[in-house]
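Here's data01.tsv, which has TSV, C-alpha atoms:
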```tsv
chain	number	residue	atom	x	y	z
A	9	MET	CA	63.49	-20.54	-4.79
A	10	GLU	CA	60.63	-19.89	-2.47
A	11	GLU	CA	57.28	-20.37	-4.13
A	12	ILE	CA	55.19	-17.23	-4.27
A	13	LYS	CA	51.59	-17.86	-3.40
A	14	LEU	CA	49.03	-15.56	-4.94
A	15	ALA	CA	46.20	-14.36	-2.77
A	16	PRO	CA	42.81	-15.73	-3.79
A	17	PRO	CA	40.50	-13.28	-5.55
A	18	PRO	CA	38.12	-11.40	-3.26
A	19	ARG	CA	34.88	-13.16	-2.63
A	20	ARG	CA	31.77	-11.67	-4.06
A	21	SER	CA	29.38	-14.14	-2.55
A	22	GLY	CA	27.83	-11.46	-0.33
A	23	ALA	CA	26.98	-9.18	-3.24
A	24	ARG	CA	25.78	-12.12	-5.33
A	25	THR	CA	23.57	-13.37	-2.49
A	26	LYS	CA	22.10	-9.91	-2.06
A	27	ARG	CA	21.41	-9.65	-5.79
A	28	VAL	CA	19.74	-13.07	-5.89
A	29	ARG	CA	17.65	-12.18	-2.85
A	30	GLY	CA	16.60	-8.95	-4.56
A	31	ILE	CA	15.49	-10.88	-7.66
A	32	ILE	CA	13.49	-13.31	-5.52
A	33	PHE	CA	11.93	-10.36	-3.69
A	34	LEU	CA	10.90	-8.73	-6.99
A	35	LYS	CA	9.37	-12.04	-8.06
A	36	ASP	CA	7.37	-12.11	-4.82
A	37	VAL	CA	6.27	-8.50	-5.39
A	38	ALA	CA	5.14	-9.46	-8.90
A	39	THR	CA	3.11	-12.29	-7.36
A	40	LEU	CA	1.47	-9.82	-4.99
A	41	GLY	CA	0.84	-7.37	-7.83
A	42	LEU	CA	-1.02	-10.08	-9.74
A	43	THR	CA	-2.93	-11.69	-6.85
A	44	ALA	CA	-3.36	-9.12	-4.04
A	45	PHE	CA	-7.05	-8.25	-4.28
A	46	GLY	CA	-9.11	-6.33	-1.74
A	47	GLY	CA	-7.27	-3.11	-0.87
A	48	PRO	CA	-4.63	-2.30	1.78
A	49	GLN	CA	-6.04	-4.53	4.53
A	50	ALA	CA	-6.16	-7.60	2.30
A	51	HIS	CA	-2.76	-6.67	0.88
A	52	MET	CA	-1.36	-6.73	4.43
A	53	ALA	CA	-2.72	-10.23	4.92
A	54	MET	CA	-0.93	-11.44	1.81
A	55	MET	CA	2.27	-9.62	2.76
A	56	LEU	CA	2.16	-11.27	6.18
A	57	ARG	CA	1.81	-14.63	4.56
A	58	LEU	CA	4.36	-14.29	1.75
A	59	LEU	CA	6.92	-11.70	2.87
A	60	VAL	CA	6.87	-12.45	6.63
A	61	ALA	CA	5.85	-16.07	7.23
A	62	LYS	CA	7.29	-17.65	4.08
A	63	ARG	CA	10.28	-15.50	3.03
A	64	ARG	CA	11.10	-13.84	6.39
A	65	TYR	CA	12.22	-10.57	4.81
A	66	LEU	CA	11.03	-8.89	8.01
A	67	THR	CA	9.02	-9.68	11.14
A	68	ALA	CA	5.30	-9.12	11.62
A	69	ALA	CA	6.03	-6.29	14.07
A	70	GLU	CA	8.33	-4.59	11.53
A	71	LEU	CA	5.66	-4.89	8.84
A	72	LEU	CA	3.14	-3.28	11.19
A	73	GLU	CA	5.58	-0.46	12.00
A	74	ILE	CA	6.12	0.32	8.33
A	75	THR	CA	2.39	0.10	7.57
A	76	ALA	CA	1.62	2.43	10.47
A	77	LEU	CA	4.16	4.94	9.19
A	78	CYS	CA	2.58	4.79	5.75
A	79	GLN	CA	-0.91	5.28	7.19
A	80	ILE	CA	0.27	8.45	8.93
A	81	LEU	CA	1.64	9.78	5.63
A	82	PRO	CA	-0.52	10.77	2.66
A	83	GLY	CA	-0.49	8.47	-0.34
A	84	PRO	CA	-1.17	4.81	-1.23
A	85	THR	CA	-0.51	2.75	1.91
A	86	SER	CA	0.17	-0.63	0.28
A	87	THR	CA	2.46	0.90	-2.35
A	88	GLN	CA	4.44	2.81	0.26
A	89	THR	CA	4.69	-0.30	2.44
A	90	VAL	CA	6.01	-2.66	-0.21
A	91	THR	CA	8.35	0.05	-1.56
A	92	ALA	CA	9.73	0.72	1.92
A	93	ILE	CA	10.40	-3.01	2.38
A	94	GLY	CA	12.32	-2.97	-0.90
A	95	PHE	CA	14.28	0.04	0.33
A	96	ARG	CA	15.26	-1.76	3.53
A	97	LEU	CA	16.33	-4.88	1.65
A	98	GLY	CA	18.29	-3.30	-1.18
A	99	GLY	CA	18.33	0.48	-1.00
A	100	PRO	CA	16.84	3.00	-3.45
A	101	ASN	CA	17.50	0.97	-6.62
A	102	LEU	CA	15.56	-2.07	-5.38
A	103	ALA	CA	12.86	0.22	-4.00
A	104	TYR	CA	12.26	1.87	-7.39
A	105	LEU	CA	12.16	-1.52	-9.11
A	106	THR	CA	9.74	-2.72	-6.42
A	107	LEU	CA	7.44	0.23	-7.10
A	108	LEU	CA	7.51	-0.43	-10.85
A	109	VAL	CA	6.85	-4.18	-10.53
A	110	TRP	CA	4.05	-3.65	-7.98
A	111	MET	CA	2.11	-1.02	-9.91
A	112	LEU	CA	2.70	-2.20	-13.50
A	113	PRO	CA	-0.03	-4.88	-13.78
A	114	ALA	CA	-2.88	-2.74	-12.44
A	115	VAL	CA	-1.73	0.44	-14.22
A	116	SER	CA	-1.45	-1.43	-17.54
A	117	ILE	CA	-4.95	-2.89	-17.22
A	118	MET	CA	-6.49	0.46	-16.21
A	119	THR	CA	-4.75	2.15	-19.15
A	120	MET	CA	-6.25	-0.39	-21.53
A	121	ALA	CA	-9.62	0.12	-19.86
A	122	GLY	CA	-9.38	3.84	-20.53
A	123	LEU	CA	-8.58	3.16	-24.19
A	124	THR	CA	-11.48	0.72	-24.62
A	125	MET	CA	-14.05	2.34	-22.36
A	126	SER	CA	-16.92	1.98	-24.82
A	127	TYR	CA	-16.60	-1.82	-24.70
A	128	LEU	CA	-16.70	-2.19	-20.93
A	129	ASP	CA	-19.77	-3.66	-19.27
A	130	LYS	CA	-20.27	-2.75	-15.61
A	131	ASP	CA	-22.61	-5.71	-15.01
A	132	GLN	CA	-20.03	-8.16	-16.33
A	133	VAL	CA	-17.41	-6.72	-13.99
A	134	ALA	CA	-19.80	-7.11	-11.04
A	135	ARG	CA	-20.44	-10.76	-11.90
A	136	LEU	CA	-16.74	-11.46	-12.30
A	137	VAL	CA	-15.85	-10.26	-8.78
A	138	GLN	CA	-18.95	-11.43	-6.91
A	139	TYR	CA	-17.00	-14.22	-5.18
A	140	VAL	CA	-13.66	-12.39	-4.95
A	141	GLN	CA	-15.11	-9.77	-2.59
A	142	PRO	CA	-16.03	-12.17	0.28
A	143	ILE	CA	-12.71	-13.97	-0.31
A	144	ALA	CA	-10.95	-10.63	0.21
A	145	VAL	CA	-12.84	-10.23	3.50
A	146	GLY	CA	-11.55	-13.64	4.53
A	147	PHE	CA	-8.00	-12.44	3.86
A	148	VAL	CA	-8.60	-9.41	6.06
A	149	ALA	CA	-10.07	-11.55	8.86
A	150	TYR	CA	-7.00	-13.78	8.75
A	151	SER	CA	-4.77	-10.71	8.79
A	152	ALA	CA	-6.57	-9.42	11.91
A	153	TYR	CA	-5.99	-12.76	13.64
A	154	ARG	CA	-2.30	-12.94	12.72
A	155	VAL	CA	-1.56	-9.33	13.58
A	156	SER	CA	-3.29	-9.56	16.96
A	157	GLU	CA	-1.45	-12.77	17.76
A	158	LYS	CA	1.92	-11.14	17.04
A	159	VAL	CA	1.65	-7.73	18.73
A	160	ILE	CA	-0.98	-7.86	21.49
A	161	HIS	CA	0.73	-8.88	24.75
A	162	THR	CA	-0.56	-6.53	27.46
A	163	LYS	CA	-3.91	-5.36	28.82
A	164	THR	CA	-3.10	-1.86	27.61
A	165	SER	CA	-2.62	-3.19	24.08
A	166	VAL	CA	-5.94	-5.04	24.22
A	167	ALA	CA	-7.75	-1.89	25.37
A	168	ILE	CA	-6.15	0.22	22.62
A	169	MET	CA	-6.92	-2.39	19.96
A	170	VAL	CA	-10.60	-2.70	20.92
A	171	GLY	CA	-11.05	1.07	21.31
A	172	SER	CA	-9.42	1.90	17.98
A	173	ALA	CA	-11.44	-0.82	16.21
A	174	LEU	CA	-14.71	0.61	17.55
A	175	LEU	CA	-13.77	4.19	16.66
A	176	ALA	CA	-12.57	3.27	13.18
A	177	TYR	CA	-15.77	1.33	12.55
A	178	THR	CA	-18.02	4.11	13.89
A	179	PHE	CA	-16.27	7.15	12.39
A	180	GLN	CA	-15.33	6.28	8.83
A	181	LEU	CA	-13.37	9.46	8.13
A	182	PRO	CA	-9.98	9.76	6.39
A	183	TRP	CA	-8.34	11.75	9.19
A	184	ILE	CA	-9.36	9.25	11.88
A	185	LEU	CA	-6.62	6.76	10.87
A	186	PRO	CA	-3.55	8.97	11.44
A	187	LEU	CA	-5.24	10.46	14.54
A	188	LEU	CA	-5.78	7.02	16.10
A	189	LEU	CA	-2.21	5.94	15.32
A	190	LEU	CA	-0.78	9.08	16.89
A	191	THR	CA	-3.07	8.78	19.92
A	192	GLY	CA	-2.23	5.11	20.46
A	193	GLY	CA	1.47	5.89	20.29
A	194	LEU	CA	1.03	8.77	22.73
A	195	VAL	CA	-0.76	6.56	25.28
A	196	THR	CA	2.08	4.04	25.53
A	197	THR	CA	4.78	6.68	25.28
A	198	PHE	CA	4.30	7.32	29.01
A	199	ARG	CA	5.56	3.78	29.68
A	200	PHE	CA	8.99	4.62	28.26
A	201	ARG	CA	10.70	4.21	31.65
A	202	LYS	CA	10.04	0.45	31.43
A	203	MET	CA	12.12	0.24	28.26
A	204	PRO	CA	15.81	-0.71	28.59
A	205	VAL	CA	18.31	2.09	28.04
A	206	GLN	CA	20.34	1.66	24.87
A	207	ALA	CA	23.86	2.88	25.59
A	208	ASP	CA	25.26	2.77	22.04
A	209	LYS	CA	22.62	4.85	20.28
A	210	LEU	CA	23.65	6.08	16.84
A	211	PRO	CA	23.23	9.83	16.30
A	212	LEU	CA	20.00	10.86	14.58
A	213	GLN	CA	20.71	12.20	11.11
A	214	VAL	CA	17.83	13.42	8.97
A	215	GLU	CA	18.33	13.57	5.21
A	216	TRP	CA	16.00	16.23	3.85
A	217	SER	CA	16.62	15.63	0.14
A	218	ASN	CA	13.47	13.59	-0.56
A	219	PHE	CA	11.26	15.97	1.44
A	220	ILE	CA	12.69	18.96	-0.45
A	221	LEU	CA	12.21	17.09	-3.73
A	222	TRP	CA	8.57	16.32	-2.85
A	223	LEU	CA	7.87	19.98	-2.03
A	224	GLY	CA	9.84	21.23	-5.04
A	225	VAL	CA	7.90	19.05	-7.49
A	226	LEU	CA	4.61	20.19	-5.92
A	227	VAL	CA	5.44	23.90	-6.34
A	228	THR	CA	7.09	23.52	-9.78
A	229	ALA	CA	4.19	21.52	-11.21
A	230	ALA	CA	1.70	24.13	-9.98
A	231	LEU	CA	3.70	26.99	-11.54
A	232	LEU	CA	4.28	25.20	-14.86
A	233	GLY	CA	0.64	24.19	-15.09
A	234	SER	CA	-0.47	27.76	-14.46
A	235	TYR	CA	1.87	29.34	-17.01
A	236	THR	CA	1.98	26.77	-19.81
A	237	ARG	CA	-1.67	25.63	-19.64
A	238	LEU	CA	-0.56	22.36	-21.26
A	239	LEU	CA	-3.07	19.63	-20.41
A	240	PRO	CA	-0.50	16.87	-19.55
A	241	VAL	CA	1.31	19.27	-17.20
A	242	ARG	CA	-1.94	20.34	-15.55
A	243	LEU	CA	-3.02	16.71	-15.19
A	244	PHE	CA	0.28	15.84	-13.53
A	245	GLU	CA	-0.19	18.72	-11.09
A	246	ASN	CA	-3.77	17.65	-10.35
A	247	PHE	CA	-2.79	14.07	-9.57
A	248	TYR	CA	0.38	15.02	-7.69
A	249	ARG	CA	-1.60	17.44	-5.51
A	250	ASN	CA	-4.27	14.82	-4.76
A	251	GLY	CA	-1.59	12.21	-4.01
A	252	SER	CA	0.07	14.64	-1.61
A	253	LEU	CA	-3.09	15.39	0.35
A	254	VAL	CA	-5.15	12.21	0.49
A	255	PHE	CA	-5.14	10.07	3.64
A	256	GLY	CA	-6.94	6.74	3.81
A	257	GLY	CA	-6.18	5.08	0.50
A	258	GLY	CA	-8.12	4.57	-2.71
A	259	GLN	CA	-11.54	4.76	-1.06
A	260	VAL	CA	-10.79	8.36	-0.06
A	261	LEU	CA	-9.09	9.21	-3.37
A	262	ALA	CA	-12.16	8.28	-5.45
A	263	PRO	CA	-14.49	11.07	-4.22
A	264	LEU	CA	-11.69	13.64	-4.60
A	265	LEU	CA	-11.08	12.63	-8.21
A	266	PHE	CA	-14.83	12.57	-8.89
A	267	THR	CA	-15.22	16.13	-7.62
A	268	GLU	CA	-12.28	17.46	-9.65
A	269	PHE	CA	-12.43	15.51	-12.92
A	270	VAL	CA	-16.16	14.79	-13.27
A	271	GLU	CA	-18.07	17.56	-11.51
A	272	ALA	CA	-15.64	20.48	-11.92
A	273	LYS	CA	-13.67	19.82	-15.13
A	274	LYS	CA	-16.04	17.34	-16.79
A	275	TYR	CA	-13.24	15.26	-18.31
A	276	LEU	CA	-15.31	12.09	-17.65
A	277	SER	CA	-18.99	11.31	-17.37
A	278	PRO	CA	-20.30	9.93	-14.06
A	279	GLN	CA	-21.01	6.60	-15.80
A	280	GLU	CA	-17.44	6.35	-17.12
A	281	PHE	CA	-16.03	7.19	-13.71
A	282	LEU	CA	-18.14	4.59	-11.89
A	283	SER	CA	-17.37	1.90	-14.49
A	284	GLY	CA	-13.65	2.45	-13.99
A	285	LEU	CA	-14.07	2.52	-10.23
A	286	GLY	CA	-15.88	-0.83	-10.35
A	287	LEU	CA	-13.15	-2.29	-12.54
A	288	VAL	CA	-10.28	-1.21	-10.28
A	289	GLN	CA	-11.98	-2.91	-7.33
A	290	ALA	CA	-11.79	-6.15	-9.32
A	291	LEU	CA	-8.06	-5.84	-9.96
A	292	PRO	CA	-5.13	-6.90	-7.81
A	293	GLY	CA	-2.54	-4.38	-6.76
A	294	PRO	CA	-2.91	-0.70	-5.82
A	295	ASN	CA	-6.29	1.03	-6.09
A	296	PHE	CA	-4.42	4.23	-6.96
A	297	SER	CA	-3.95	2.74	-10.44
A	298	PHE	CA	-7.40	4.24	-11.03
A	299	ALA	CA	-5.50	7.48	-11.80
A	300	ALA	CA	-4.18	5.91	-15.03
A	301	TYR	CA	-7.75	5.31	-16.17
A	302	VAL	CA	-8.84	8.86	-15.33
A	303	GLY	CA	-5.74	10.37	-16.95
A	304	SER	CA	-6.30	8.37	-20.12
A	305	LEU	CA	-9.89	9.56	-20.52
A	306	ALA	CA	-9.01	13.13	-19.52
A	307	MET	CA	-6.67	13.41	-22.52
A	308	ARG	CA	-9.40	12.66	-25.05
A	309	GLN	CA	-10.28	16.34	-25.42
A	310	ALA	CA	-6.71	17.14	-26.52
A	311	GLY	CA	-7.40	15.28	-29.79
A	312	THR	CA	-4.05	13.49	-29.75
A	313	GLY	CA	-5.49	10.00	-30.22
A	314	VAL	CA	-4.24	6.82	-28.61
A	315	GLY	CA	-0.75	8.22	-28.01
A	316	GLY	CA	-2.17	11.16	-26.09
A	317	GLN	CA	-4.35	8.89	-23.96
A	318	ILE	CA	-1.38	6.67	-23.12
A	319	LEU	CA	0.53	9.81	-22.15
A	320	GLY	CA	-2.39	10.83	-19.93
A	321	ALA	CA	-2.34	7.43	-18.23
A	322	LEU	CA	1.41	7.66	-17.60
A	323	VAL	CA	1.07	11.20	-16.27
A	324	GLY	CA	-1.78	10.13	-13.98
A	325	ALA	CA	0.14	7.14	-12.61
A	326	ALA	CA	3.36	9.12	-12.10
A	327	GLY	CA	1.55	12.02	-10.46
A	328	ILE	CA	-0.46	9.92	-8.02
A	329	PHE	CA	2.31	7.53	-6.93
A	330	MET	CA	5.27	9.92	-6.75
A	331	PRO	CA	4.35	11.99	-3.65
A	332	GLY	CA	3.82	9.04	-1.31
A	333	THR	CA	7.00	7.37	-2.58
A	334	LEU	CA	9.13	10.46	-1.94
A	335	LEU	CA	7.65	10.93	1.54
A	336	ILE	CA	8.20	7.33	2.66
A	337	PHE	CA	11.77	7.45	1.27
A	338	PHE	CA	12.32	10.55	3.42
A	339	LEU	CA	11.01	8.91	6.60
A	340	ILE	CA	12.33	5.35	6.24
A	341	ARG	CA	15.96	6.55	6.00
A	342	PHE	CA	16.10	7.62	9.64
A	343	TRP	CA	13.28	5.55	11.15
A	344	ASP	CA	15.58	2.80	12.48
A	345	ARG	CA	17.69	5.37	14.30
A	346	LEU	CA	14.67	7.30	15.53
A	347	LYS	CA	13.16	4.23	17.20
A	348	GLN	CA	16.35	3.69	19.26
A	349	TYR	CA	15.00	6.28	21.70
A	350	ARG	CA	12.92	4.87	24.56
A	351	VAL	CA	10.06	7.29	24.01
A	352	VAL	CA	9.72	6.25	20.37
A	353	LYS	CA	10.18	2.56	21.20
A	354	ALA	CA	7.47	2.74	23.85
A	355	SER	CA	5.08	4.39	21.40
A	356	LEU	CA	5.36	1.40	19.06
A	357	GLU	CA	3.28	-0.73	21.44
A	358	GLY	CA	0.34	1.65	21.04
A	359	ILE	CA	0.89	2.13	17.29
A	360	ASN	CA	0.94	-1.63	16.71
A	361	ALA	CA	-2.18	-2.11	18.85
A	362	VAL	CA	-4.04	0.55	16.84
A	363	SER	CA	-2.89	-1.10	13.61
A	364	ALA	CA	-4.34	-4.40	14.82
A	365	GLY	CA	-7.60	-2.63	15.73
A	366	LEU	CA	-7.82	-1.01	12.29
A	367	VAL	CA	-7.48	-4.37	10.59
A	368	CYS	CA	-10.19	-5.83	12.85
A	369	ALA	CA	-12.50	-2.92	11.98
A	370	ALA	CA	-11.72	-3.35	8.28
A	371	THR	CA	-13.00	-6.94	8.40
A	372	PHE	CA	-16.49	-5.72	9.32
A	373	LEU	CA	-16.37	-2.58	7.17
A	374	LEU	CA	-15.53	-4.57	4.06
A	375	TYR	CA	-18.14	-7.22	4.75
A	376	HIS	CA	-20.91	-4.71	5.50
A	377	PRO	CA	-21.63	-3.68	1.84
A	378	LEU	CA	-21.82	-7.32	0.68
A	379	PRO	CA	-25.14	-9.16	0.49
A	380	ASP	CA	-25.61	-11.07	3.76
A	381	THR	CA	-26.04	-14.44	2.06
A	382	PRO	CA	-25.00	-17.91	3.24
A	383	ILE	CA	-22.56	-18.30	0.35
A	384	ASN	CA	-20.71	-15.08	1.27
A	385	LEU	CA	-20.44	-16.17	4.90
A	386	VAL	CA	-19.16	-19.58	3.81
A	387	LEU	CA	-16.59	-18.02	1.46
A	388	VAL	CA	-15.26	-15.77	4.25
A	389	ALA	CA	-15.00	-18.73	6.64
A	390	VAL	CA	-13.46	-21.11	4.09
A	391	THR	CA	-10.88	-18.51	3.03
A	392	PHE	CA	-9.92	-17.90	6.65
A	393	LEU	CA	-9.52	-21.63	7.33
A	394	LEU	CA	-7.52	-22.24	4.16
A	395	LEU	CA	-5.12	-19.44	5.09
A	396	LEU	CA	-4.90	-20.82	8.63
A	397	TRP	CA	-4.00	-24.19	7.16
A	398	GLU	CA	-1.18	-22.43	5.22
A	399	LYS	CA	-0.97	-24.97	2.42
A	400	VAL	CA	-3.05	-23.28	-0.28
A	401	PRO	CA	-1.36	-20.37	-2.11
A	402	SER	CA	-3.17	-17.03	-2.08
A	403	TYR	CA	-3.35	-16.81	-5.88
A	404	VAL	CA	-5.10	-20.21	-6.02
A	405	ILE	CA	-7.81	-18.99	-3.64
A	406	VAL	CA	-8.33	-15.72	-5.53
A	407	GLY	CA	-8.11	-17.43	-8.92
A	408	SER	CA	-10.78	-19.93	-7.87
A	409	GLY	CA	-13.06	-17.03	-6.93
A	410	LEU	CA	-12.55	-15.37	-10.31
A	411	LEU	CA	-13.16	-18.65	-12.13
A	412	ALA	CA	-16.37	-19.17	-10.19
A	413	GLY	CA	-17.47	-15.66	-11.20
A	414	ILE	CA	-16.87	-16.49	-14.87
A	415	ILE	CA	-18.72	-19.81	-14.72
A	416	TRP	CA	-21.68	-18.74	-12.61
```
Output the file's structure in the form of structure tokens.
Amino acid sequence: MEEIKLAPPPRRSGARTKRVRGIIFLKDVATLGLTAFGGPQAHMAMMLRLLVAKRRYLTAAELLEITALCQILPGPTSTQTVTAIGFRLGGPNLAYLTLLVWMLPAVSIMTMAGLTMSYLDKDQVARLVQYVQPIAVGFVAYSAYRVSEKVIHTKTSVAIMVGSALLAYTFQLPWILPLLLLTGGLVTTFRFRKMPVQADKLPLQVEWSNFILWLGVLVTAALLGSYTRLLPVRLFENFYRNGSLVFGGGQVLAPLLFTEFVEAKKYLSPQEFLSGLGLVQALPGPNFSFAAYVGSLAMRQAGTGVGGQILGALVGAAGIFMPGTLLIFFLIRFWDRLKQYRVVKASLEGINAVSAGLVCAATFLLYHPLPDTPINLVLVAVTFLLLLWEKVPSYVIVGSGLLAGIIW
């Protein structure tokens, strides 16, 4: 009798490998969430080092493309960038987990800060971060070097980089960033004839679901807040609206929140607002986590105690992070197909050059408010050299700065 051979079971190594890679990526995001001090520019430096150079999840040019897209959109740039990377690696599920892991440390700390506001000391916070701030500038300087090295290859790129750096440094306005990115892309668009023709272009398909969801939540929250007058609903609408309209990151968000929640609605005192703002600058992760602090203190007048304040923090965090997440999910789905076209591909040279210029400008903008002391200059230089050496982890450098702030 002929022996019947059973077929081997289907291999699941591909799915298992993808799952393991997703877990490693979430671990890396957690590392960034706990060590990435200094705002979007410093965050980019750490992403370049960990996600690009070490893990190779994407190339430096791809990271710049995603960051440029996020800078054009309203919302938290770093959060949108790291979430979009998660989306590209593992789809929506990994992207949502990425968002949660990235924002959780800072949001948790700012929630606790809102609950224990009376015990915070602004001077102690300032002493704690006195050495972290120049270290963050060193990260940004290293990022400017790495980005320029990767994407600047032509005289046109050099001219765009220098011009955008000077304009960004001179005109510190929120709308200047998307305007420069669009202008840089437009300049190099005219060179599209030098790009090779791609014969097998996939058809462009735009999925509107996330855009419709973003707009629907905006309108629904406004209507519910107007009719119900419930404070948590109104707070969600306030934060969602601000998150949908703010360009330029946490530095631009702060004055908007001050105007609405301190001057107009008087949910916080100016001293409470500034204390929280100082604290969030000392934390790793997204500066938009400041919304959790504001939401927590805004709920005090409802008289619902600690539970109400925690609800306010959750509402603030959800409202401020949701719009940018929905918008980047909308755009990232068809971006790879959109950039198949020569016109779009040619524009990337200018967009990347502007991105490099913005990081260069950020190095000087972030250093400018610091005291011009020898120790700050030394810390910037030492941080840059340590990163160039590539053998000292980022969290060790930042942790050493925090420890020095505690001791001295």
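Near Leu81 of chain A, within 10 Å and counting only C-alpha atoms, sit A:Thr75, A:Ala76, A:Leu77, A:Cys78, A:Gln79, A:Gly83, A:Pro84, A:Thr85, A:Gln88, A:Pro186, A:Ser252, A:Leu253, A:Val254, A:Phe255, A:Gly256, A:Pro331, A:Gly332, A:Leu335, A:Ile336, A:Leu339; same-chain residues fewer than 2 positions away were not included.
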Find the residues around Thr106 of chain A up to 8 Å (all atoms listed in the file counted), leave out those fewer than 6 positions away in its own chain, and share them as a PyMOL selection string.
chain A and resi 34+37+90-91+94
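Here atom CA of Leu66 of chain A is placed at a distance of 9.2 Å from atom CA of Leu97 of chain A.
Closest to Ala310 of chain A among A:Pro240, A:Gly365, A:Pro82, A:Pro278 is A:Pro240, based on all atoms listed in the file.
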When distances are computed from all atoms listed in the file, which of A:Ala114, A:Met52, A:Val166, A:Leu221 shows the smallest separation from Phe338 of chain A?
A:Leu221
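Nearest-residue note for Met125 of chain A: choosing from A:Asn250, A:Ser283, A:Ser165, A:Ser172, the minimum distance belongs to A:Ser283, counting all atoms listed in the file.
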